[in-house]
Amino acid sequence: MEIGKYILEISYILASVLFVLGLKKLSHPETARSGNLWSAAGMVLAIVATIAFHTDSAGNGIKHIPLILLAIGIGTVVGWMIAVKVKMTAMPQLVSFFNGMGGATAALISLIELPHMTHLYNGNIPVGILIATSLGLVIGSVSFSGSIIAFFKLDGKIKDIHSPAMSFINLALLMAVTALTIYMVVAQPTSLLLYSLLVLSLLYGIMFVVPIGGADMPVVISLLNAFTGVAAAMGGFLYDNRAMLTGGVLVGSAGALLTILMCKAMNRSLLNVILGSFGGGGAASKDVTGSIKEISLSDSAVLLSYSHKVVIIPGYGLAVAQAQHLINELDKLLTEKGVEVKYAIHPVAGRMPGHMNVLLAEADVPYEKLIDLDEINAEMQNVDVTVVIGANDVVNPAALDDPGSPIYGMPIIRAIDSKNIIVVKRGMGKGYAAIENPLFYNNKTRMLFGDAKAVLQKLLGEVKEL
């Protein structure tokens, strides 16, 4: 048995190393796929080692192994099928849903283990165990219900609720959850306390996400992901499981760092994102001057074909139109004509962190052509044509010169600095932040109206004929 215990601990250490290496590989698109496989191998190792070598204090091994394997098999098949079939436009929803399942699992662990611990310690659970288990219940529940609400908001099933009262309601709920958690740690858990805390935490998760504006959803998804990691880490503390602890810490810290980076990309604090709800409406305070000017497909083809440098700025509209493969075809055609083509990627473009990177990677766009915000902005004055496809808020110059705009100070891709701008757009609807975009009225801008997929198909034909 001692040998089995040592093998188990070594397996957990190896699994933790695989998690770290996998996360490191996820930092670059070219190694991200192998990074996922390395992390998955670590998880498989941890599961197999636990089933094979874990024993309780009495020396008994894991029970109900067939049921465990059945549950793992069902979860694997269902998860695989969902991931394979999901459309790129629904990828943010998928991320929210899977993240919510992680939060639910962490909450269920605490929900099951707290009564078990009460019996084991005769109603006198050590404070350390109580804190870890209570936090796992609270954070996991908030992550679960918040992620499910985010899923429905992203899917258009739930609208934003903007009311000054929401901030006070959420503050009251947060104080209630905090007070009840502290009381349960001090007074030891009862069934009433346990389920009251569960209900309040689930309710807070719902109310926490409901008022947040759509333009802030990438930050919210990242924050909820961090919550799930922290909740999983609490389970690692509870079971003294190094692999579970390491995995939770990595997910929690990575999610927290990404949240901070996303807030920086929007020039806003996390508190402002949570309380500001700027995705709900309003217009830029400055009066928009100028007029809308359209461009024909043939003129667009000529302008693009005889340019030296073209920058494409993708947004959520590209994902909605499922036009990522067509934009890659256009890229190849222009490259054959001697045009230098690059893609400007804004950190919060789309509905989740890295949405545009994933979208373009699916279309086999070379990774080296994806240029981040700071680097591409240094080149924009030398760009002959900027093509904006489905992006709105991330190119809005109101962020630069309109102190009254809700997005003022937010770093944007400076499309306005390029020599010519073509905007592919279905109509004159506002972006997810629901504010007017002066770029569309600029003298250098020409609008190419229509569904991105249909427009790009016709544009490809025009470019081929030149």
# chains A, B, ... in the order shown; residues from 1 in each chain; ligands from 1
$ select_by_dssp --residues "segment 244-418 of chain A" --states "helix (DSSP H, G or I)" --output "JSON, numbers by chain"
{"A": [244, 245, 246, 247, 248, 249, 250, 251, 252, 253, 254, 255, 256, 257, 258, 259, 260, 261, 262, 263, 264, 265, 270, 271, 272, 273, 274, 275, 276, 278, 279, 280, 297, 298, 299, 300, 301, 302, 303, 304, 305, 316, 317, 318, 319, 320, 321, 324, 325, 326, 327, 328, 329, 330, 331, 332, 333, 334, 335, 336, 355, 356, 357, 358, 359, 360, 361, 362, 367, 368, 369, 373, 374, 375, 376, 377, 380, 381, 382, 393, 394, 395, 398, 399, 400, 401, 415, 416, 417]}
$ residues_around --residues "Gly235 of chain A" --least-positions-apart "6" --cutoff "8 Å" --atoms "only C-alpha atoms" --output "PyMOL selection string"
chain A and resi 106+109-110+132-133+136+241+244-245
$ write_last_selection --atoms "C-alpha atoms" --output "PDB file, in the first residue's frame"
ATOM      1  CA  ALA A 106     -16.815  22.297  -7.611  1.00  0.00           C
ATOM      2  CA  ILE A 109     -18.085  18.547  -4.194  1.00  0.00           C
ATOM      3  CA  SER A 110     -18.612  20.978  -1.326  1.00  0.00           C
ATOM      4  CA  ALA A 132     -11.945  25.691   1.710  1.00  0.00           C
ATOM      5  CA  THR A 133     -15.236  23.811   1.406  1.00  0.00           C
ATOM      6  CA  GLY A 136     -15.699  26.050  -3.068  1.00  0.00           C
ATOM      7  CA  ASN A 241      -4.832  16.503  -4.016  1.00  0.00           C
ATOM      8  CA  MET A 244      -6.440  19.135  -8.502  1.00  0.00           C
ATOM      9  CA  LEU A 245      -4.866  22.019  -6.610  1.00  0.00           C
TER      10      LEU A 245
END
$ residues_around --residues "segment 7-18 of chain A" --least-positions-apart "4" --cutoff "7 Å" --atoms "only C-alpha atoms" --output "MDAnalysis selection string"
chainID A and resid 3 22 38:39 42:43 45:46 49:50 53:54 242:243 246:247
$ write_last_selection --atoms "N, CA and C atoms" --output "PDB file, in the first residue's frame"
ATOM      1  N   ILE A   3       3.755   1.619  -1.343  1.00  0.00           N
ATOM      2  CA  ILE A   3       4.276   1.824  -2.700  1.00  0.00           C
ATOM      3  C   ILE A   3       3.220   2.499  -3.562  1.00  0.00           C
ATOM      4  N   GLY A  22       1.454  22.281 -20.564  1.00  0.00           N
ATOM      5  CA  GLY A  22       0.328  22.485 -21.473  1.00  0.00           C
ATOM      6  C   GLY A  22      -0.112  23.934 -21.509  1.00  0.00           C
ATOM      7  N   TRP A  38      -1.247  17.884 -24.044  1.00  0.00           N
ATOM      8  CA  TRP A  38      -0.383  17.670 -22.878  1.00  0.00           C
ATOM      9  C   TRP A  38      -1.196  17.795 -21.586  1.00  0.00           C
ATOM     10  N   SER A  39      -2.034  18.808 -21.511  1.00  0.00           N
ATOM     11  CA  SER A  39      -2.860  18.991 -20.314  1.00  0.00           C
ATOM     12  C   SER A  39      -3.854  17.847 -20.147  1.00  0.00           C
ATOM     13  N   GLY A  42      -2.140  14.911 -18.728  1.00  0.00           N
ATOM     14  CA  GLY A  42      -1.979  15.080 -17.292  1.00  0.00           C
ATOM     15  C   GLY A  42      -3.235  14.704 -16.528  1.00  0.00           C
ATOM     16  N   MET A  43      -4.386  15.110 -17.059  1.00  0.00           N
ATOM     17  CA  MET A  43      -5.652  14.780 -16.400  1.00  0.00           C
ATOM     18  C   MET A  43      -5.931  13.281 -16.445  1.00  0.00           C
ATOM     19  N   LEU A  45      -3.696  10.907 -16.594  1.00  0.00           N
ATOM     20  CA  LEU A  45      -2.764  10.300 -15.642  1.00  0.00           C
ATOM     21  C   LEU A  45      -3.278  10.428 -14.211  1.00  0.00           C
ATOM     22  N   ALA A  46      -3.779  11.624 -13.852  1.00  0.00           N
ATOM     23  CA  ALA A  46      -4.281  11.843 -12.497  1.00  0.00           C
ATOM     24  C   ALA A  46      -5.496  10.952 -12.208  1.00  0.00           C
ATOM     25  N   ALA A  49      -4.345   7.152 -12.029  1.00  0.00           N
ATOM     26  CA  ALA A  49      -3.582   6.908 -10.799  1.00  0.00           C
ATOM     27  C   ALA A  49      -4.491   6.907  -9.575  1.00  0.00           C
ATOM     28  N   THR A  50      -5.474   7.811  -9.554  1.00  0.00           N
ATOM     29  CA  THR A  50      -6.404   7.882  -8.419  1.00  0.00           C
ATOM     30  C   THR A  50      -7.229   6.601  -8.319  1.00  0.00           C
ATOM     31  N   PHE A  53      -4.653   3.639  -7.322  1.00  0.00           N
ATOM     32  CA  PHE A  53      -3.825   3.624  -6.121  1.00  0.00           C
ATOM     33  C   PHE A  53      -4.394   4.363  -4.915  1.00  0.00           C
ATOM     34  N   HIS A  54      -5.481   5.109  -5.071  1.00  0.00           N
ATOM     35  CA  HIS A  54      -5.995   5.857  -3.922  1.00  0.00           C
ATOM     36  C   HIS A  54      -6.626   4.914  -2.893  1.00  0.00           C
ATOM     37  N   ARG A 242      -2.739  17.223  -5.013  1.00  0.00           N
ATOM     38  CA  ARG A 242      -1.842  18.186  -5.641  1.00  0.00           C
ATOM     39  C   ARG A 242      -2.202  18.468  -7.107  1.00  0.00           C
ATOM     40  N   ALA A 243      -2.654  17.443  -7.800  1.00  0.00           N
ATOM     41  CA  ALA A 243      -3.022  17.641  -9.214  1.00  0.00           C
ATOM     42  C   ALA A 243      -4.240  18.552  -9.326  1.00  0.00           C
ATOM     43  N   THR A 246      -3.145  22.105  -8.316  1.00  0.00           N
ATOM     44  CA  THR A 246      -2.351  22.761  -9.358  1.00  0.00           C
ATOM     45  C   THR A 246      -3.228  23.180 -10.529  1.00  0.00           C
ATOM     46  N   GLY A 247      -4.108  22.274 -10.973  1.00  0.00           N
ATOM     47  CA  GLY A 247      -5.005  22.597 -12.079  1.00  0.00           C
ATOM     48  C   GLY A 247      -5.883  23.790 -11.768  1.00  0.00           C
TER      49      GLY A 247
END
$ residues_around --residues "Leu373 of chain A" --least-positions-apart "5" --cutoff "12 Å" --atoms "only C-alpha atoms" --output "JSON, numbers by chain"
{"A": [265, 266, 313, 343, 344, 345, 346, 347, 348, 349, 378, 379, 380, 394, 395, 410, 411, 412, 413, 414, 415]}
$ residues_around --residues "segment 195-201 of chain A" --least-positions-apart "4" --cutoff "9 Å" --atoms "only C-alpha atoms" --output "list in words"
Ala107, Leu111, Ser134, Leu137, Val138, Ile139, Gly140, Ser141, Val142, Ser145, Leu173, Leu174, Ala176, Val177, Leu180, Thr181, Met184, Thr190, Ser191, Gly205 and Ile206 of chain A
$ write_last_selection --atoms "N, CA and C atoms" --output "PDB file, in the first residue's frame"
ATOM      1  N   ALA A 107     -18.987  23.090  -6.856  1.00  0.00           N
ATOM      2  CA  ALA A 107     -20.031  23.330  -5.860  1.00  0.00           C
ATOM      3  C   ALA A 107     -20.599  22.013  -5.326  1.00  0.00           C
ATOM      4  N   LEU A 111     -20.970  20.543  -1.588  1.00  0.00           N
ATOM      5  CA  LEU A 111     -22.318  20.195  -1.126  1.00  0.00           C
ATOM      6  C   LEU A 111     -22.363  18.771  -0.567  1.00  0.00           C
ATOM      7  N   SER A 134     -16.417  25.823   2.092  1.00  0.00           N
ATOM      8  CA  SER A 134     -17.421  26.884   1.948  1.00  0.00           C
ATOM      9  C   SER A 134     -17.132  27.759   0.735  1.00  0.00           C
ATOM     10  N   LEU A 137     -18.045  25.984  -2.409  1.00  0.00           N
ATOM     11  CA  LEU A 137     -19.477  26.023  -2.649  1.00  0.00           C
ATOM     12  C   LEU A 137     -19.920  27.365  -3.204  1.00  0.00           C
ATOM     13  N   VAL A 138     -19.446  28.452  -2.580  1.00  0.00           N
ATOM     14  CA  VAL A 138     -19.867  29.795  -2.983  1.00  0.00           C
ATOM     15  C   VAL A 138     -19.350  30.139  -4.382  1.00  0.00           C
ATOM     16  N   ILE A 139     -18.047  30.011  -4.564  1.00  0.00           N
ATOM     17  CA  ILE A 139     -17.446  30.418  -5.840  1.00  0.00           C
ATOM     18  C   ILE A 139     -17.908  29.513  -6.977  1.00  0.00           C
ATOM     19  N   GLY A 140     -18.002  28.214  -6.702  1.00  0.00           N
ATOM     20  CA  GLY A 140     -18.486  27.291  -7.731  1.00  0.00           C
ATOM     21  C   GLY A 140     -19.917  27.580  -8.147  1.00  0.00           C
ATOM     22  N   SER A 141     -20.764  27.897  -7.172  1.00  0.00           N
ATOM     23  CA  SER A 141     -22.168  28.211  -7.472  1.00  0.00           C
ATOM     24  C   SER A 141     -22.297  29.501  -8.267  1.00  0.00           C
ATOM     25  N   VAL A 142     -21.526  30.524  -7.871  1.00  0.00           N
ATOM     26  CA  VAL A 142     -21.538  31.795  -8.604  1.00  0.00           C
ATOM     27  C   VAL A 142     -21.058  31.588 -10.033  1.00  0.00           C
ATOM     28  N   SER A 145     -23.968  29.522 -12.085  1.00  0.00           N
ATOM     29  CA  SER A 145     -25.160  30.280 -12.477  1.00  0.00           C
ATOM     30  C   SER A 145     -24.790  31.476 -13.343  1.00  0.00           C
ATOM     31  N   LEU A 173     -26.767  41.244  -1.917  1.00  0.00           N
ATOM     32  CA  LEU A 173     -26.598  39.788  -2.048  1.00  0.00           C
ATOM     33  C   LEU A 173     -25.176  39.368  -1.695  1.00  0.00           C
ATOM     34  N   LEU A 174     -24.203  40.140  -2.158  1.00  0.00           N
ATOM     35  CA  LEU A 174     -22.808  39.820  -1.860  1.00  0.00           C
ATOM     36  C   LEU A 174     -22.540  39.878  -0.363  1.00  0.00           C
ATOM     37  N   ALA A 176     -24.758  39.436   1.980  1.00  0.00           N
ATOM     38  CA  ALA A 176     -25.475  38.314   2.598  1.00  0.00           C
ATOM     39  C   ALA A 176     -24.694  37.010   2.440  1.00  0.00           C
ATOM     40  N   VAL A 177     -24.160  36.784   1.233  1.00  0.00           N
ATOM     41  CA  VAL A 177     -23.366  35.575   0.978  1.00  0.00           C
ATOM     42  C   VAL A 177     -22.118  35.569   1.857  1.00  0.00           C
ATOM     43  N   LEU A 180     -23.096  34.972   5.580  1.00  0.00           N
ATOM     44  CA  LEU A 180     -23.533  33.588   5.805  1.00  0.00           C
ATOM     45  C   LEU A 180     -22.347  32.625   5.757  1.00  0.00           C
ATOM     46  N   THR A 181     -21.400  32.902   4.857  1.00  0.00           N
ATOM     47  CA  THR A 181     -20.202  32.057   4.766  1.00  0.00           C
ATOM     48  C   THR A 181     -19.389  32.138   6.057  1.00  0.00           C
ATOM     49  N   MET A 184     -21.175  30.327   8.829  1.00  0.00           N
ATOM     50  CA  MET A 184     -21.107  28.867   8.724  1.00  0.00           C
ATOM     51  C   MET A 184     -19.738  28.349   9.163  1.00  0.00           C
ATOM     52  N   THR A 190     -25.039  23.526   9.060  1.00  0.00           N
ATOM     53  CA  THR A 190     -26.257  22.739   9.196  1.00  0.00           C
ATOM     54  C   THR A 190     -26.884  22.648   7.810  1.00  0.00           C
ATOM     55  N   SER A 191     -27.849  21.772   7.669  1.00  0.00           N
ATOM     56  CA  SER A 191     -28.502  21.626   6.362  1.00  0.00           C
ATOM     57  C   SER A 191     -29.141  22.939   5.923  1.00  0.00           C
ATOM     58  N   GLY A 205     -24.889  34.828  -8.513  1.00  0.00           N
ATOM     59  CA  GLY A 205     -24.278  34.582  -9.819  1.00  0.00           C
ATOM     60  C   GLY A 205     -25.161  35.063 -10.955  1.00  0.00           C
ATOM     61  N   ILE A 206     -26.470  34.840 -10.817  1.00  0.00           N
ATOM     62  CA  ILE A 206     -27.428  35.294 -11.834  1.00  0.00           C
ATOM     63  C   ILE A 206     -27.470  36.815 -11.890  1.00  0.00           C
TER      64      ILE A 206
END
$ atom_distance --atom1 "atom CA of Gly146 of chain A" --atom2 "atom CA of Phe208 of chain A"
6.9 Å
$ select_by_dssp --residues "segment 166-314 of chain A" --states "strand (DSSP E)" --output "ChimeraX atom specification"
/A:309-314
$ write_last_selection --atoms "N, CA and C atoms" --output "PDB file, in the first residue's frame"
ATOM      1  N   LYS A 309      -0.243  47.561 -49.454  1.00  0.00           N
ATOM      2  CA  LYS A 309      -0.443  47.018 -48.110  1.00  0.00           C
ATOM      3  C   LYS A 309      -1.912  47.096 -47.722  1.00  0.00           C
ATOM      4  N   VAL A 310      -2.474  45.953 -47.316  1.00  0.00           N
ATOM      5  CA  VAL A 310      -3.879  45.872 -46.900  1.00  0.00           C
ATOM      6  C   VAL A 310      -3.949  45.265 -45.503  1.00  0.00           C
ATOM      7  N   VAL A 311      -4.746  45.871 -44.647  1.00  0.00           N
ATOM      8  CA  VAL A 311      -4.976  45.330 -43.303  1.00  0.00           C
ATOM      9  C   VAL A 311      -6.454  44.988 -43.164  1.00  0.00           C
ATOM     10  N   ILE A 312      -6.728  43.774 -42.716  1.00  0.00           N
ATOM     11  CA  ILE A 312      -8.098  43.313 -42.496  1.00  0.00           C
ATOM     12  C   ILE A 312      -8.381  43.311 -40.997  1.00  0.00           C
ATOM     13  N   ILE A 313      -9.469  43.945 -40.597  1.00  0.00           N
ATOM     14  CA  ILE A 313      -9.854  43.999 -39.182  1.00  0.00           C
ATOM     15  C   ILE A 313     -11.131  43.176 -39.007  1.00  0.00           C
ATOM     16  N   PRO A 314     -11.032  41.965 -38.459  1.00  0.00           N
ATOM     17  CA  PRO A 314     -12.217  41.119 -38.274  1.00  0.00           C
ATOM     18  C   PRO A 314     -12.938  41.422 -36.973  1.00  0.00           C
TER      19      PRO A 314
END
$ atom_distance --atom1 "atom CA of Ala41 of chain A" --atom2 "atom CA of Leu360 of chain A"
26.8 Å
$ residues_around --residues "segment 216-221 of chain A" --least-positions-apart "2" --cutoff "10 Å" --atoms "only C-alpha atoms" --output "number ranges by chain"
A: 92-93, 95-96, 99, 143, 146-147, 150-151, 153-154, 208-209, 212-214, 223-227, 255-256, 258-263, 266, 270, 273-274, 276-279, 347-355, 432-433
$ write_last_selection --atoms "N, CA and C atoms" --output "compact mmCIF listing (two decimals), in the first residue's frame"
# COMPACT_ATOMS: atom_id res chain seq x y z
N PRO A 92 -18.30 31.21 -28.07
CA PRO A 92 -18.38 31.83 -26.75
C PRO A 92 -19.41 31.16 -25.84
N GLN A 93 -20.56 30.77 -26.42
CA GLN A 93 -21.56 30.07 -25.64
C GLN A 93 -21.02 28.74 -25.12
N VAL A 95 -17.88 27.94 -24.52
CA VAL A 95 -16.91 28.21 -23.45
C VAL A 95 -17.65 28.51 -22.14
N SER A 96 -18.70 29.32 -22.22
CA SER A 96 -19.48 29.65 -21.02
C SER A 96 -20.13 28.41 -20.42
N ASN A 99 -17.50 26.09 -18.87
CA ASN A 99 -17.00 26.72 -17.66
C ASN A 99 -18.02 26.57 -16.52
N SER A 143 -19.99 30.81 -10.19
CA SER A 143 -19.45 30.52 -11.52
C SER A 143 -20.46 29.77 -12.38
N GLY A 146 -23.66 32.13 -13.04
CA GLY A 146 -23.21 33.25 -13.86
C GLY A 146 -22.87 32.82 -15.27
N SER A 147 -22.20 31.68 -15.41
CA SER A 147 -21.83 31.18 -16.74
C SER A 147 -23.05 30.80 -17.56
N ALA A 150 -24.54 33.95 -18.77
CA ALA A 150 -23.69 34.44 -19.85
C ALA A 150 -23.98 33.67 -21.14
N PHE A 151 -24.18 32.37 -21.01
CA PHE A 151 -24.51 31.53 -22.17
C PHE A 151 -25.78 32.04 -22.85
N LYS A 153 -27.23 35.00 -22.52
CA LYS A 153 -27.06 36.37 -23.00
C LYS A 153 -26.34 36.37 -24.36
N LEU A 154 -25.28 35.57 -24.45
CA LEU A 154 -24.55 35.48 -25.70
C LEU A 154 -25.40 34.88 -26.81
N PHE A 208 -25.39 38.93 -10.77
CA PHE A 208 -24.08 39.50 -11.06
C PHE A 208 -23.89 39.70 -12.57
N VAL A 209 -24.36 38.74 -13.37
CA VAL A 209 -24.11 38.76 -14.82
C VAL A 209 -25.21 39.47 -15.58
N ILE A 212 -24.70 43.17 -16.79
CA ILE A 212 -23.47 43.52 -17.48
C ILE A 212 -23.71 43.62 -18.98
N GLY A 213 -23.26 44.72 -19.57
CA GLY A 213 -23.50 44.98 -20.98
C GLY A 213 -22.80 43.99 -21.89
N GLY A 214 -23.36 43.82 -23.09
CA GLY A 214 -22.83 42.84 -24.04
C GLY A 214 -21.40 43.10 -24.43
N LEU A 223 -13.44 36.30 -16.32
CA LEU A 223 -13.55 36.38 -14.87
C LEU A 223 -14.22 35.12 -14.29
N LEU A 224 -15.29 34.67 -14.94
CA LEU A 224 -15.98 33.46 -14.48
C LEU A 224 -15.08 32.24 -14.59
N ASN A 225 -14.23 32.23 -15.62
CA ASN A 225 -13.27 31.15 -15.78
C ASN A 225 -12.30 31.13 -14.60
N ALA A 226 -11.88 32.32 -14.17
CA ALA A 226 -11.00 32.41 -13.00
C ALA A 226 -11.72 31.90 -11.75
N PHE A 227 -13.00 32.23 -11.61
CA PHE A 227 -13.80 31.74 -10.47
C PHE A 227 -13.81 30.21 -10.42
N GLY A 255 -6.96 32.83 -15.66
CA GLY A 255 -8.19 33.59 -15.88
C GLY A 255 -8.13 34.98 -15.30
N ALA A 256 -7.52 35.09 -14.11
CA ALA A 256 -7.38 36.41 -13.47
C ALA A 256 -6.47 37.33 -14.28
N LEU A 258 -5.78 37.10 -17.48
CA LEU A 258 -6.44 37.44 -18.73
C LEU A 258 -7.50 38.50 -18.50
N THR A 259 -8.21 38.42 -17.38
CA THR A 259 -9.22 39.43 -17.05
C THR A 259 -8.58 40.80 -16.91
N ILE A 260 -7.43 40.85 -16.24
CA ILE A 260 -6.72 42.12 -16.07
C ILE A 260 -6.27 42.67 -17.42
N LEU A 261 -5.76 41.79 -18.28
CA LEU A 261 -5.31 42.22 -19.61
C LEU A 261 -6.47 42.72 -20.46
N MET A 262 -7.62 42.05 -20.33
CA MET A 262 -8.80 42.47 -21.09
C MET A 262 -9.28 43.84 -20.62
N CYS A 263 -9.28 44.04 -19.31
CA CYS A 263 -9.67 45.35 -18.77
C CYS A 263 -8.70 46.43 -19.25
N MET A 266 -9.41 47.59 -22.61
CA MET A 266 -10.59 48.45 -22.70
C MET A 266 -10.40 49.75 -21.91
N LEU A 270 -11.78 46.59 -13.43
CA LEU A 270 -12.71 45.47 -13.31
C LEU A 270 -13.99 45.91 -12.62
N VAL A 273 -16.20 47.55 -15.07
CA VAL A 273 -16.85 46.58 -15.96
C VAL A 273 -18.06 45.98 -15.27
N ILE A 274 -17.87 45.61 -13.98
CA ILE A 274 -18.95 44.94 -13.25
C ILE A 274 -20.11 45.89 -12.97
N GLY A 276 -20.41 49.13 -14.43
CA GLY A 276 -20.67 50.15 -15.44
C GLY A 276 -21.75 49.79 -16.43
N SER A 277 -21.78 48.52 -16.87
CA SER A 277 -22.78 48.07 -17.84
C SER A 277 -22.85 48.99 -19.05
N PHE A 278 -21.69 49.28 -19.67
CA PHE A 278 -21.74 50.27 -20.75
C PHE A 278 -22.28 49.70 -22.04
N GLY A 279 -22.53 48.39 -22.10
CA GLY A 279 -22.99 47.82 -23.35
C GLY A 279 -24.45 48.01 -23.60
N PRO A 347 -7.84 42.70 -28.70
CA PRO A 347 -8.03 41.72 -27.62
C PRO A 347 -9.48 41.43 -27.27
N VAL A 348 -10.38 42.40 -27.46
CA VAL A 348 -11.78 42.16 -27.07
C VAL A 348 -12.70 42.08 -28.28
N ALA A 349 -12.14 41.86 -29.47
CA ALA A 349 -13.00 41.66 -30.65
C ALA A 349 -13.71 40.32 -30.52
N GLY A 350 -15.00 40.30 -30.82
CA GLY A 350 -15.77 39.06 -30.69
C GLY A 350 -16.49 39.00 -29.36
N ARG A 351 -16.78 37.77 -28.94
CA ARG A 351 -17.57 37.58 -27.72
C ARG A 351 -16.84 36.79 -26.65
N MET A 352 -15.55 36.51 -26.89
CA MET A 352 -14.75 35.84 -25.87
C MET A 352 -13.28 36.14 -26.13
N PRO A 353 -12.42 35.97 -25.13
CA PRO A 353 -11.00 36.21 -25.34
C PRO A 353 -10.45 35.32 -26.45
N GLY A 354 -9.75 35.93 -27.41
CA GLY A 354 -9.14 35.16 -28.50
C GLY A 354 -10.10 34.68 -29.56
N HIS A 355 -11.31 35.23 -29.58
CA HIS A 355 -12.34 34.75 -30.51
C HIS A 355 -11.87 34.86 -31.97
N TYR A 432 -21.98 46.30 -30.52
CA TYR A 432 -22.49 45.69 -29.30
C TYR A 432 -22.54 46.69 -28.16
N ALA A 433 -21.68 47.71 -28.21
CA ALA A 433 -21.73 48.74 -27.18
C ALA A 433 -22.83 49.76 -27.46
$ closest_residue --among "A:Ile129, A:Val86, A:Tyr441, A:Leu318" --to "Gly236 of chain A" --atoms "only C-alpha atoms"
A:Ile129
$ closest_residue --among "A:Ala452, A:Val463, A:Thr76, A:Ile51" --to "Asp331 of chain A" --atoms "only C-alpha atoms"
A:Val463
$ residues_around --residues "Ile65 of chain A" --least-positions-apart "4" --cutoff "10 Å" --atoms "only C-alpha atoms" --output "list in words"
Ile51, Ala52, Gly61, Leu69, Leu70 and Ala71 of chain A
$ atom_distance --atom1 "atom CA of Gly252 of chain A" --atom2 "atom CA of Ala233 of chain A"
8.1 Å
